Structure formats: C-alpha cells, structure tokens
>>> print(open('upload_18.cif').read())   # mmCIF, C-alpha atoms
data_protein
loop_
_atom_site.group_PDB
_atom_site.id
_atom_site.type_symbol
_atom_site.label_atom_id
_atom_site.label_comp_id
_atom_site.auth_asym_id
_atom_site.auth_seq_id
_atom_site.Cartn_x
_atom_site.Cartn_y
_atom_site.Cartn_z
ATOM 1 C CA GLN A 1162 -11.123 5.772 30.902
ATOM 2 C CA GLU A 1163 -14.605 5.549 29.413
ATOM 3 C CA GLN A 1164 -14.926 5.295 25.626
ATOM 4 C CA PRO A 1165 -16.716 8.188 23.865
ATOM 5 C CA SER A 1166 -20.435 7.639 23.543
ATOM 6 C CA ASN A 1167 -21.826 6.418 20.220
ATOM 7 C CA SER A 1168 -25.011 8.406 20.716
ATOM 8 C CA CYS A 1169 -25.860 11.839 19.370
ATOM 9 C CA GLN A 1170 -25.154 13.239 22.832
ATOM 10 C CA SER A 1171 -21.451 14.080 22.854
ATOM 11 C CA ALA A 1172 -18.876 16.053 24.797
ATOM 12 C CA ALA A 1173 -18.417 18.619 22.025
ATOM 13 C CA PRO A 1174 -21.184 20.558 20.264
ATOM 14 C CA VAL A 1175 -22.327 18.800 17.090
ATOM 15 C CA ALA A 1176 -23.734 21.019 14.378
ATOM 16 C CA GLY A 1177 -24.268 21.188 10.637
ATOM 17 C CA VAL A 1178 -23.856 17.991 8.649
ATOM 18 C CA SER A 1179 -22.200 16.348 11.671
ATOM 19 C CA ALA A 1180 -25.499 16.587 13.558
ATOM 20 C CA THR A 1181 -27.296 14.671 10.811
ATOM 21 C CA VAL A 1182 -24.894 11.719 10.954
ATOM 22 C CA ALA A 1183 -24.042 11.581 14.677
ATOM 23 C CA GLY A 1184 -25.385 8.379 16.191
ATOM 24 C CA LYS A 1185 -25.857 6.858 12.723
ATOM 25 C CA VAL A 1186 -22.296 6.767 11.394
ATOM 26 C CA TRP A 1187 -22.064 2.993 10.951
ATOM 27 C CA GLU A 1188 -25.558 2.700 9.496
ATOM 28 C CA LEU A 1189 -24.925 5.468 6.958
ATOM 29 C CA SER A 1190 -21.419 4.279 6.122
ATOM 30 C CA GLN A 1191 -22.815 1.097 4.598
ATOM 31 C CA GLU A 1192 -24.817 2.986 1.958
ATOM 32 C CA ALA A 1193 -23.603 4.815 -1.148
ATOM 33 C CA LYS A 1194 -25.284 8.126 -0.289
ATOM 34 C CA GLY A 1195 -24.794 7.789 3.445
ATOM 35 C CA CYS A 1196 -21.059 7.136 3.229
ATOM 36 C CA ARG A 1197 -20.643 10.382 1.311
ATOM 37 C CA GLU A 1198 -22.518 12.247 4.046
ATOM 38 C CA VAL A 1199 -20.278 10.759 6.724
ATOM 39 C CA GLN A 1200 -17.159 11.654 4.753
ATOM 40 C CA ARG A 1201 -18.358 15.234 4.379
ATOM 41 C CA ALA A 1202 -19.067 15.414 8.117
ATOM 42 C CA LEU A 1203 -15.556 14.190 8.895
ATOM 43 C CA GLU A 1204 -14.095 16.836 6.597
ATOM 44 C CA GLU A 1205 -16.112 19.709 8.074
ATOM 45 C CA ALA A 1206 -16.077 18.781 11.784
ATOM 46 C CA GLY A 1207 -13.628 20.004 14.379
ATOM 47 C CA ALA A 1208 -11.100 17.601 15.875
ATOM 48 C CA GLU A 1209 -13.186 16.558 18.895
ATOM 49 C CA VAL A 1210 -16.406 15.986 16.942
ATOM 50 C CA ARG A 1211 -14.416 14.111 14.300
ATOM 51 C CA ARG A 1212 -13.127 11.736 16.990
ATOM 52 C CA GLN A 1213 -16.660 11.248 18.310
ATOM 53 C CA LEU A 1214 -17.970 10.374 14.856
ATOM 54 C CA ALA A 1215 -15.090 7.966 14.233
ATOM 55 C CA SER A 1216 -15.703 6.277 17.586
ATOM 56 C CA GLU A 1217 -18.989 4.943 16.196
ATOM 57 C CA LEU A 1218 -16.938 2.668 13.945
ATOM 58 C CA HIS A 1219 -15.388 0.853 16.923
ATOM 59 C CA GLY A 1220 -16.073 -2.861 16.500
ATOM 60 C CA HIS A 1221 -16.979 -2.454 12.815
ATOM 61 C CA VAL A 1222 -13.556 -2.073 11.194
ATOM 62 C CA TRP A 1223 -13.486 -5.491 9.546
ATOM 63 C CA GLU A 1224 -17.001 -5.088 8.211
ATOM 64 C CA ALA A 1225 -16.009 -1.672 6.869
ATOM 65 C CA LEU A 1226 -12.885 -3.111 5.207
ATOM 66 C CA ARG A 1227 -15.099 -5.464 3.210
ATOM 67 C CA SER A 1228 -17.695 -2.858 2.323
ATOM 68 C CA PRO A 1229 -17.586 -1.056 -1.059
ATOM 69 C CA HIS A 1230 -18.929 2.045 0.731
ATOM 70 C CA ALA A 1231 -17.726 1.979 4.337
ATOM 71 C CA ASN A 1232 -14.091 1.507 3.313
ATOM 72 C CA PHE A 1233 -14.151 5.075 2.014
ATOM 73 C CA VAL A 1234 -15.296 6.284 5.444
ATOM 74 C CA LEU A 1235 -12.358 4.477 7.057
ATOM 75 C CA GLN A 1236 -10.003 6.079 4.553
ATOM 76 C CA LYS A 1237 -11.476 9.486 5.334
ATOM 77 C CA CYS A 1238 -10.950 8.843 9.053
ATOM 78 C CA VAL A 1239 -7.298 8.056 8.360
ATOM 79 C CA ALA A 1240 -6.932 11.220 6.278
ATOM 80 C CA THR A 1241 -8.576 13.571 8.786
ATOM 81 C CA LEU A 1242 -7.919 12.259 12.310
ATOM 82 C CA GLU A 1243 -4.658 12.572 14.194
ATOM 83 C CA PRO A 1244 -2.624 9.327 14.189
ATOM 84 C CA GLU A 1245 -3.276 8.448 17.834
ATOM 85 C CA ALA A 1246 -7.024 8.502 17.192
ATOM 86 C CA LEU A 1247 -6.568 5.849 14.495
ATOM 87 C CA GLN A 1248 -5.168 3.197 16.817
ATOM 88 C CA PHE A 1249 -8.497 1.377 17.060
ATOM 89 C CA ILE A 1250 -8.457 0.767 13.284
ATOM 90 C CA ILE A 1251 -4.966 -0.754 13.470
ATOM 91 C CA ASP A 1252 -5.860 -2.843 16.526
ATOM 92 C CA GLU A 1253 -8.966 -4.309 14.887
ATOM 93 C CA MET A 1254 -7.111 -4.973 11.635
ATOM 94 C CA VAL A 1255 -4.358 -6.854 13.477
ATOM 95 C CA LEU A 1256 -6.907 -8.772 15.551
ATOM 96 C CA GLY A 1257 -8.739 -9.865 12.421
ATOM 97 C CA SER A 1258 -5.550 -10.592 10.395
ATOM 98 C CA ALA A 1259 -3.634 -7.694 8.906
ATOM 99 C CA GLU A 1260 -2.268 -9.834 6.068
ATOM 100 C CA LYS A 1261 -5.835 -10.624 5.003
ATOM 101 C CA ALA A 1262 -6.573 -6.896 5.031
ATOM 102 C CA ALA A 1263 -3.546 -6.324 2.788
ATOM 103 C CA LYS A 1264 -4.972 -8.830 0.293
ATOM 104 C CA SER A 1265 -8.498 -7.431 0.433
ATOM 105 C CA LYS A 1266 -9.871 -5.363 -2.463
ATOM 106 C CA PHE A 1267 -10.908 -2.513 -0.179
ATOM 107 C CA GLY A 1268 -8.776 -3.297 2.872
ATOM 108 C CA CYS A 1269 -5.561 -2.782 0.933
ATOM 109 C CA ARG A 1270 -6.555 0.863 0.412
ATOM 110 C CA VAL A 1271 -7.071 1.465 4.129
ATOM 111 C CA PHE A 1272 -3.788 -0.327 4.836
ATOM 112 C CA GLN A 1273 -1.950 2.029 2.467
ATOM 113 C CA ARG A 1274 -3.500 5.144 4.014
ATOM 114 C CA LEU A 1275 -2.439 3.983 7.497
ATOM 115 C CA VAL A 1276 1.150 3.475 6.324
ATOM 116 C CA GLU A 1277 1.111 7.050 4.995
ATOM 117 C CA ARG A 1278 -0.332 8.696 8.092
ATOM 118 C CA CYS A 1279 0.567 6.747 11.209
ATOM 119 C CA THR A 1280 3.767 6.546 13.196
ATOM 120 C CA SER A 1281 6.362 3.821 12.678
ATOM 121 C CA GLU A 1282 5.485 2.340 16.064
ATOM 122 C CA GLN A 1283 1.798 2.178 15.181
ATOM 123 C CA VAL A 1284 2.220 0.458 11.821
ATOM 124 C CA THR A 1285 4.889 -1.996 12.997
ATOM 125 C CA PRO A 1286 2.381 -4.841 13.620
ATOM 126 C CA LEU A 1287 0.872 -4.238 10.166
ATOM 127 C CA VAL A 1288 4.276 -4.346 8.455
ATOM 128 C CA GLU A 1289 5.314 -7.415 10.455
ATOM 129 C CA ALA A 1290 2.169 -9.222 9.305
ATOM 130 C CA VAL A 1291 3.074 -8.492 5.677
ATOM 131 C CA ILE A 1292 6.640 -9.691 6.238
ATOM 132 C CA GLU A 1293 5.402 -12.929 7.804
ATOM 133 C CA ASP A 1294 3.127 -13.612 4.826
ATOM 134 C CA PHE A 1295 5.439 -11.978 2.288
ATOM 135 C CA ALA A 1296 5.417 -14.724 -0.367
ATOM 136 C CA ALA A 1297 1.623 -14.556 -0.666
ATOM 137 C CA VAL A 1298 1.126 -10.811 -0.224
ATOM 138 C CA VAL A 1299 3.790 -9.745 -2.743
ATOM 139 C CA ARG A 1300 2.237 -11.938 -5.467
ATOM 140 C CA HIS A 1301 -1.340 -10.923 -4.722
ATOM 141 C CA PRO A 1302 -3.339 -8.644 -7.071
ATOM 142 C CA TYR A 1303 -4.077 -6.254 -4.176
ATOM 143 C CA GLY A 1304 -1.346 -7.149 -1.716
ATOM 144 C CA ASN A 1305 1.413 -6.119 -4.109
ATOM 145 C CA TYR A 1306 0.232 -2.510 -3.839
ATOM 146 C CA VAL A 1307 0.616 -2.657 -0.059
ATOM 147 C CA VAL A 1308 4.195 -3.931 -0.404
ATOM 148 C CA GLN A 1309 4.991 -1.140 -2.857
ATOM 149 C CA HIS A 1310 3.472 1.423 -0.506
ATOM 150 C CA ILE A 1311 5.539 0.220 2.444
ATOM 151 C CA LEU A 1312 8.683 0.416 0.310
ATOM 152 C CA GLU A 1313 7.809 4.012 -0.583
ATOM 153 C CA HIS A 1314 6.246 5.489 2.549
ATOM 154 C CA ALA A 1315 7.162 3.439 5.625
ATOM 155 C CA ALA A 1316 9.934 4.152 8.115
ATOM 156 C CA PRO A 1317 13.478 3.285 6.928
ATOM 157 C CA GLU A 1318 13.698 0.155 9.100
ATOM 158 C CA HIS A 1319 10.485 -1.193 7.582
ATOM 159 C CA GLN A 1320 11.610 -0.303 4.072
ATOM 160 C CA ARG A 1321 14.908 -2.097 4.561
ATOM 161 C CA GLY A 1322 13.308 -5.227 6.037
ATOM 162 C CA LEU A 1323 10.894 -5.587 3.143
ATOM 163 C CA ALA A 1324 13.493 -4.652 0.522
ATOM 164 C CA GLN A 1325 15.729 -7.491 1.712
ATOM 165 C CA LEU A 1326 12.908 -9.959 1.129
ATOM 166 C CA VAL A 1327 12.281 -8.550 -2.354
ATOM 167 C CA GLU A 1328 15.969 -8.763 -3.222
ATOM 168 C CA CYS A 1329 16.334 -12.330 -1.921
ATOM 169 C CA ASP A 1330 13.329 -13.460 -3.964
ATOM 170 C CA VAL A 1331 13.935 -11.226 -6.985
ATOM 171 C CA GLN A 1332 14.475 -14.090 -9.425
ATOM 172 C CA CYS A 1333 11.065 -15.624 -8.714
ATOM 173 C CA LEU A 1334 9.340 -12.242 -8.421
ATOM 174 C CA ALA A 1335 10.642 -11.221 -11.840
ATOM 175 C CA ALA A 1336 8.725 -14.118 -13.382
ATOM 176 C CA ASP A 1337 5.480 -13.248 -11.581
ATOM 177 C CA THR A 1338 3.015 -10.651 -12.894
ATOM 178 C CA PHE A 1339 2.425 -8.944 -9.552
ATOM 179 C CA GLY A 1340 5.863 -9.696 -8.135
ATOM 180 C CA SER A 1341 7.497 -7.936 -11.067
ATOM 181 C CA ALA A 1342 5.234 -4.946 -10.402
ATOM 182 C CA VAL A 1343 6.716 -4.763 -6.896
ATOM 183 C CA VAL A 1344 10.266 -4.907 -8.263
ATOM 184 C CA SER A 1345 9.398 -2.153 -10.719
ATOM 185 C CA GLY A 1346 7.712 -0.057 -8.033
ATOM 186 C CA ALA A 1347 10.664 -0.443 -5.677
ATOM 187 C CA LEU A 1348 13.097 0.636 -8.396
ATOM 188 C CA THR A 1349 10.995 3.735 -9.016
ATOM 189 C CA LYS A 1350 9.722 4.811 -5.588
ATOM 190 C CA ALA A 1351 11.881 3.291 -2.869
ATOM 191 C CA PRO A 1352 14.854 5.158 -1.341
ATOM 192 C CA ALA A 1353 17.921 5.426 -3.571
ATOM 193 C CA GLU A 1354 19.982 2.792 -1.738
ATOM 194 C CA ILE A 1355 17.196 0.222 -2.145
ATOM 195 C CA GLN A 1356 16.849 1.062 -5.833
ATOM 196 C CA LEU A 1357 20.572 0.556 -6.406
ATOM 197 C CA SER A 1358 20.673 -2.715 -4.470
ATOM 198 C CA LEU A 1359 17.739 -4.123 -6.470
ATOM 199 C CA ALA A 1360 19.213 -3.003 -9.788
ATOM 200 C CA ARG A 1361 22.449 -4.812 -8.884
ATOM 201 C CA ALA A 1362 20.463 -7.935 -7.957
ATOM 202 C CA LEU A 1363 18.797 -7.939 -11.388
ATOM 203 C CA LEU A 1364 22.196 -7.667 -13.019
ATOM 204 C CA ARG A 1365 23.777 -10.309 -10.793
ATOM 205 C CA GLU A 1366 21.358 -13.142 -11.652
ATOM 206 C CA GLN A 1367 22.135 -14.570 -15.089
ATOM 207 C CA GLY A 1368 19.382 -13.926 -17.633
ATOM 208 C CA LEU A 1369 17.197 -12.097 -15.135
ATOM 209 C CA LEU A 1370 17.479 -8.626 -16.646
ATOM 210 C CA VAL A 1371 16.357 -9.890 -20.069
ATOM 211 C CA LEU A 1372 13.551 -11.949 -18.517
ATOM 212 C CA ILE A 1373 12.061 -9.075 -16.562
ATOM 213 C CA ALA A 1374 12.490 -6.697 -19.516
ATOM 214 C CA CYS A 1375 10.001 -8.782 -21.498
ATOM 215 C CA GLY A 1376 7.219 -8.436 -18.923
ATOM 216 C CA ARG A 1377 4.294 -6.037 -18.790
ATOM 217 C CA HIS A 1378 5.405 -4.599 -15.451
ATOM 218 C CA GLY A 1379 8.991 -5.789 -15.557
ATOM 219 C CA HIS A 1380 10.071 -3.757 -18.570
ATOM 220 C CA ALA A 1381 9.769 -0.619 -16.426
ATOM 221 C CA ALA A 1382 12.099 -2.244 -13.866
ATOM 222 C CA ALA A 1383 14.692 -2.987 -16.547
ATOM 223 C CA THR A 1384 14.472 0.554 -17.890
ATOM 224 C CA ARG A 1385 14.786 1.989 -14.398
ATOM 225 C CA ALA A 1386 17.790 -0.229 -13.687
ATOM 226 C CA LEU A 1387 19.561 1.458 -16.606
ATOM 227 C CA GLN A 1388 18.916 4.807 -14.943
ATOM 228 C CA VAL A 1389 20.007 3.688 -11.464
ATOM 229 C CA LEU A 1390 23.220 1.892 -12.419
ATOM 230 C CA SER A 1391 26.337 3.794 -13.433
ATOM 231 C CA GLY A 1392 29.882 3.249 -14.647
ATOM 232 C CA ALA A 1393 30.986 -0.325 -15.250
ATOM 233 C CA GLU A 1394 27.688 -1.718 -13.896
ATOM 234 C CA LEU A 1395 25.668 0.293 -16.399
ATOM 235 C CA GLU A 1396 27.886 -0.858 -19.270
ATOM 236 C CA GLU A 1397 27.475 -4.466 -18.137
ATOM 237 C CA ALA A 1398 23.688 -4.065 -18.017
ATOM 238 C CA LYS A 1399 23.665 -2.691 -21.556
ATOM 239 C CA ARG A 1400 25.893 -5.544 -22.728
ATOM 240 C CA VAL A 1401 23.564 -8.136 -21.164
ATOM 241 C CA LEU A 1402 20.496 -6.585 -22.767
ATOM 242 C CA LEU A 1403 22.126 -6.282 -26.182
ATOM 243 C CA ALA A 1404 23.189 -9.905 -25.955
ATOM 244 C CA GLY A 1405 19.506 -10.765 -25.506
ATOM 245 C CA GLU A 1406 18.401 -8.489 -28.344
ATOM 246 C CA SER A 1407 16.648 -11.263 -30.273
ATOM 247 C CA THR A 1408 14.604 -12.199 -27.207
ATOM 248 C CA LEU A 1409 13.771 -8.581 -26.426
ATOM 249 C CA GLY A 1410 12.902 -7.862 -30.046
ATOM 250 C CA ALA A 1411 10.305 -10.638 -30.001
ATOM 251 C CA SER A 1412 8.501 -8.956 -27.097
ATOM 252 C CA ARG A 1413 6.588 -5.689 -27.376
ATOM 253 C CA PHE A 1414 7.746 -4.775 -23.877
ATOM 254 C CA GLY A 1415 11.297 -5.855 -24.608
ATOM 255 C CA ARG A 1416 11.350 -3.583 -27.634
ATOM 256 C CA LEU A 1417 10.554 -0.644 -25.358
ATOM 257 C CA VAL A 1418 13.645 -1.433 -23.312
ATOM 258 C CA LEU A 1419 15.809 -1.675 -26.425
ATOM 259 C CA GLN A 1420 14.888 1.911 -27.222
ATOM 260 C CA HIS A 1421 16.826 2.992 -24.117
ATOM 261 C CA LEU A 1422 20.086 1.387 -25.201
#
>>> encode(input="upload_18.cif", output="structure tokens")
Amino acid sequence: QEQPSNSCQSAAPVAGVSATVAGKVWELSQEAKGCREVQRALEEAGAEVRRQLASELHGHVWEALRSPHANFVLQKCVATLEPEALQFIIDEMVLGSAEKAAKSKFGCRVFQRLVERCTSEQVTPLVEAVIEDFAAVVRHPYGNYVVQHILEHAAPEHQRGLAQLVECDVQCLAADTFGSAVVSGALTKAPAEIQLSLARALLREQGLLVLIACGRHGHAAATRALQVLSGAELEEAKRVLLAGESTLGASRFGRLVLQHL
C-alpha cells in the first residue's frame, strides 16, 4: 500500500491553518514559530488530514527528538492521532535506539507520551529497550522520568517487569539521586501491589530506610512507605526510623520524615 503523499495534494480536503503547513510540516517544525503553527494545524484538522500532516515527519523522527522545537510537534502528534497512526514514530525510535531516546532531553518527553497513548503491544519494544539498559536509564537525569512513567502508565505486565528490577536494585538506587527519585515515584504512582512490595524491600534491607530518608528525593519514599505499610510492618518501620533519629535529625530531609512519626 502506497504511503500518503508528503505534498500539499492530499486525499482529504486541506483547509484553514492546515493548508498553510501542508507540504512544509518538517521545515516548519524545526522553527519556534513554525512548530506552533504545525501544532495548531494538528489540533484543528480532521483525522484524515491530521494523518497526512503527520506523514510528512516520516524519516525525521530522530531529528525531531533532538530538536527543541520539533519534539513538541511529535508530542502533539501523539496526543491527537489514533495509536495505530503513531507506529512510524515507535518504529523509527526503536531503529535509532529507544534507550537513547529515553535518555534524551526532548526524546524522553515523546517516549512518555507514547507510553500514555499507545497499546501495550505497540510500546513493548520501547519498554524492552529500557529494561535491557535499565541500570543506565534509571540513573539518568532524563531516563528516570521514563522509568517512572512506565511504572505509572504502562500495561500491568510492563509495570511488574520494571518494578522487579527496581526492587532487586533498591539498595543501590536509594543511594543514587535519580534512582531514589524512581523509588519515590514508584511508591507514589505505581499500582498498590508494587508500592507495598517496594516499601517492604526498603524495610528489609538493614539501614536502607534511614539512608533513603536523608535524601532529597528519597525522603518522600520513606514518608510514603509509612503510609503504605500497616500493622507490624508499620511499627517496625517506625522503630527503625526512630533508632536512626540522630542521623535523620542531622539531615534537613530526614527531619521532614521524623515529623511523620
């Protein structure tokens, strides 16, 4: 089946702002003013015209992921097109290295939008790429947001697979600035069973709950653990934290946790 034409001549009538950008989508997407025009056209167009406009980005996904302007056009495509029409973005991301996209300043945003909008089957190769490069992505200033987003928005099987990796590496992640942000995010946004399992992992490793409670991102994880745990496990968590009161009191983040005891 022939790909849609990238010219202004298209199968569906193009009018309004769409007519001013048709045939020039990629060119305009690379400019500050032009990318806003393309985004507006995508918002206002009907489904068929929207697909035609998006088709002009075929072959340019990786360039767009690195562009401070065109990445917003990709995000708008993800927000406005039906999932099946977004397959070319996923395919080009995987071809160019999805894990690199996850660690890219602008690419991580597109990655997150795809996780929100696309089917489990579609995003599987993206999630698998993150799992394969987990140690680097989870500790990356941008990649950690992708991990958190998968834990919150992806299909249950993807959430579970990634949560297992977080739990197995929780001791090292707790000592890492961005890794601790993932632990905190998972304890706040992931499904309840993942939250409970992570909270128990923090409690299980000796000294870990006090360590993470003293961190900029980790203190939120410690506080959330107190909310997730119950019964004897909650009492044990409180006992552990109170035993480390001197350490917590010497940290401005630790002092915030002490307020919850």
>>> resolve_selection(input="upload_18.cif", expression="the PyMOL selection byres ((chain A and resi 1327) around 12)", output="PyMOL selection string")
chain A and resi 1292+1295-1296+1298-1300+1305+1308-1309+1312+1320-1326+1328-1335+1340-1348+1351+1355-1356+1358-1360+1362-1363
>>> atom_distance(input="upload_18.cif", atom1="atom CA of Glu1366 of chain A", atom2="atom CA of Lys1350 of chain A")
22.2 Å
>>> atom_distance(input="upload_18.cif", atom1="atom CA of Leu1402 of chain A", atom2="atom CA of Ala1336 of chain A")
16.8 Å
>>> resolve_selection(input="upload_18.cif", expression="the PyMOL selection byres ((chain A and resi 1304) around 9)", output="list in words")
Glu1260, Lys1261, Ala1262, Ala1263, Lys1264, Ser1265, Lys1266, Cys1269, Val1291, Ala1297, Val1298, Val1299, Arg1300, His1301, Pro1302, Tyr1303, Asn1305, Tyr1306, Val1307, Val1308, Gln1309 and Phe1339 of chain A
>>> write_last_selection(input="upload_18.cif", atoms="C-alpha atoms", output="PDB file, in the frame of the given file")
ATOM      1  CA  GLU A1260      -2.268  -9.834   6.068  1.00  0.00           C
ATOM      2  CA  LYS A1261      -5.835 -10.624   5.003  1.00  0.00           C
ATOM      3  CA  ALA A1262      -6.573  -6.896   5.031  1.00  0.00           C
ATOM      4  CA  ALA A1263      -3.546  -6.324   2.788  1.00  0.00           C
ATOM      5  CA  LYS A1264      -4.972  -8.830   0.293  1.00  0.00           C
ATOM      6  CA  SER A1265      -8.498  -7.431   0.433  1.00  0.00           C
ATOM      7  CA  LYS A1266      -9.871  -5.363  -2.463  1.00  0.00           C
ATOM      8  CA  CYS A1269      -5.561  -2.782   0.933  1.00  0.00           C
ATOM      9  CA  VAL A1291       3.074  -8.492   5.677  1.00  0.00           C
ATOM     10  CA  ALA A1297       1.623 -14.556  -0.666  1.00  0.00           C
ATOM     11  CA  VAL A1298       1.126 -10.811  -0.224  1.00  0.00           C
ATOM     12  CA  VAL A1299       3.790  -9.745  -2.743  1.00  0.00           C
ATOM     13  CA  ARG A1300       2.237 -11.938  -5.467  1.00  0.00           C
ATOM     14  CA  HIS A1301      -1.340 -10.923  -4.722  1.00  0.00           C
ATOM     15  CA  PRO A1302      -3.339  -8.644  -7.071  1.00  0.00           C
ATOM     16  CA  TYR A1303      -4.077  -6.254  -4.176  1.00  0.00           C
ATOM     17  CA  ASN A1305       1.413  -6.119  -4.109  1.00  0.00           C
ATOM     18  CA  TYR A1306       0.232  -2.510  -3.839  1.00  0.00           C
ATOM     19  CA  VAL A1307       0.616  -2.657  -0.059  1.00  0.00           C
ATOM     20  CA  VAL A1308       4.195  -3.931  -0.404  1.00  0.00           C
ATOM     21  CA  GLN A1309       4.991  -1.140  -2.857  1.00  0.00           C
ATOM     22  CA  PHE A1339       2.425  -8.944  -9.552  1.00  0.00           C
TER      23      PHE A1339
END
>>> resolve_selection(input="upload_18.cif", expression="the PyMOL selection byres ((chain A and resi 1179) around 9)", output="ChimeraX atom specification")
/A:1175-1178,1180-1183,1198-1199,1201-1203,1205-1206,1210-1211,1214
>>> write_last_selection(input="upload_18.cif", atoms="C-alpha atoms", output="CSV table (one decimal), in the frame of the given file")
chain,number,residue,atom,x,y,z
A,1175,VAL,CA,-22.3,18.8,17.1
A,1176,ALA,CA,-23.7,21.0,14.4
A,1177,GLY,CA,-24.3,21.2,10.6
A,1178,VAL,CA,-23.9,18.0,8.6
A,1180,ALA,CA,-25.5,16.6,13.6
A,1181,THR,CA,-27.3,14.7,10.8
A,1182,VAL,CA,-24.9,11.7,11.0
A,1183,ALA,CA,-24.0,11.6,14.7
A,1198,GLU,CA,-22.5,12.2,4.0
A,1199,VAL,CA,-20.3,10.8,6.7
A,1201,ARG,CA,-18.4,15.2,4.4
A,1202,ALA,CA,-19.1,15.4,8.1
A,1203,LEU,CA,-15.6,14.2,8.9
A,1205,GLU,CA,-16.1,19.7,8.1
A,1206,ALA,CA,-16.1,18.8,11.8
A,1210,VAL,CA,-16.4,16.0,16.9
A,1211,ARG,CA,-14.4,14.1,14.3
A,1214,LEU,CA,-18.0,10.4,14.9
>>> closest_residue(input="upload_18.cif", among="A:Glu1282, A:Ala1259, A:Arg1365, A:Ala1383", to="Asp1294 of chain A", atoms="only C-alpha atoms")
A:Ala1259
>>> residues_around(input="upload_18.cif", residues="Ala1225 of chain A", least_positions_apart="6", cutoff="12 Å", atoms="all atoms listed in the file", output="VMD selection string")
chain A and resid 1186 to 1192 1196 1217 to 1219 1231 to 1236 1238 1250 1253 to 1254 1262 1265 to 1268 1270 to 1271
>>> closest_residue(input="upload_18.cif", among="A:Leu1357, A:Ala1246, A:Ala1382, A:Ala1316", to="Thr1280 of chain A", atoms="all atoms listed in the file")
A:Ala1316
>>> residues_around(input="upload_18.cif", residues="Ser1407 of chain A", least_positions_apart="5", cutoff="12 Å", atoms="only C-alpha atoms", output="list in words")
Val1371, Cys1375, Val1401, Leu1402, Ser1412, Arg1413, Gly1415, Arg1416 and Leu1419 of chain A
>>> atom_distance(input="upload_18.cif", atom1="atom CA of Glu1396 of chain A", atom2="atom CA of Phe1414 of chain A")
21.0 Å
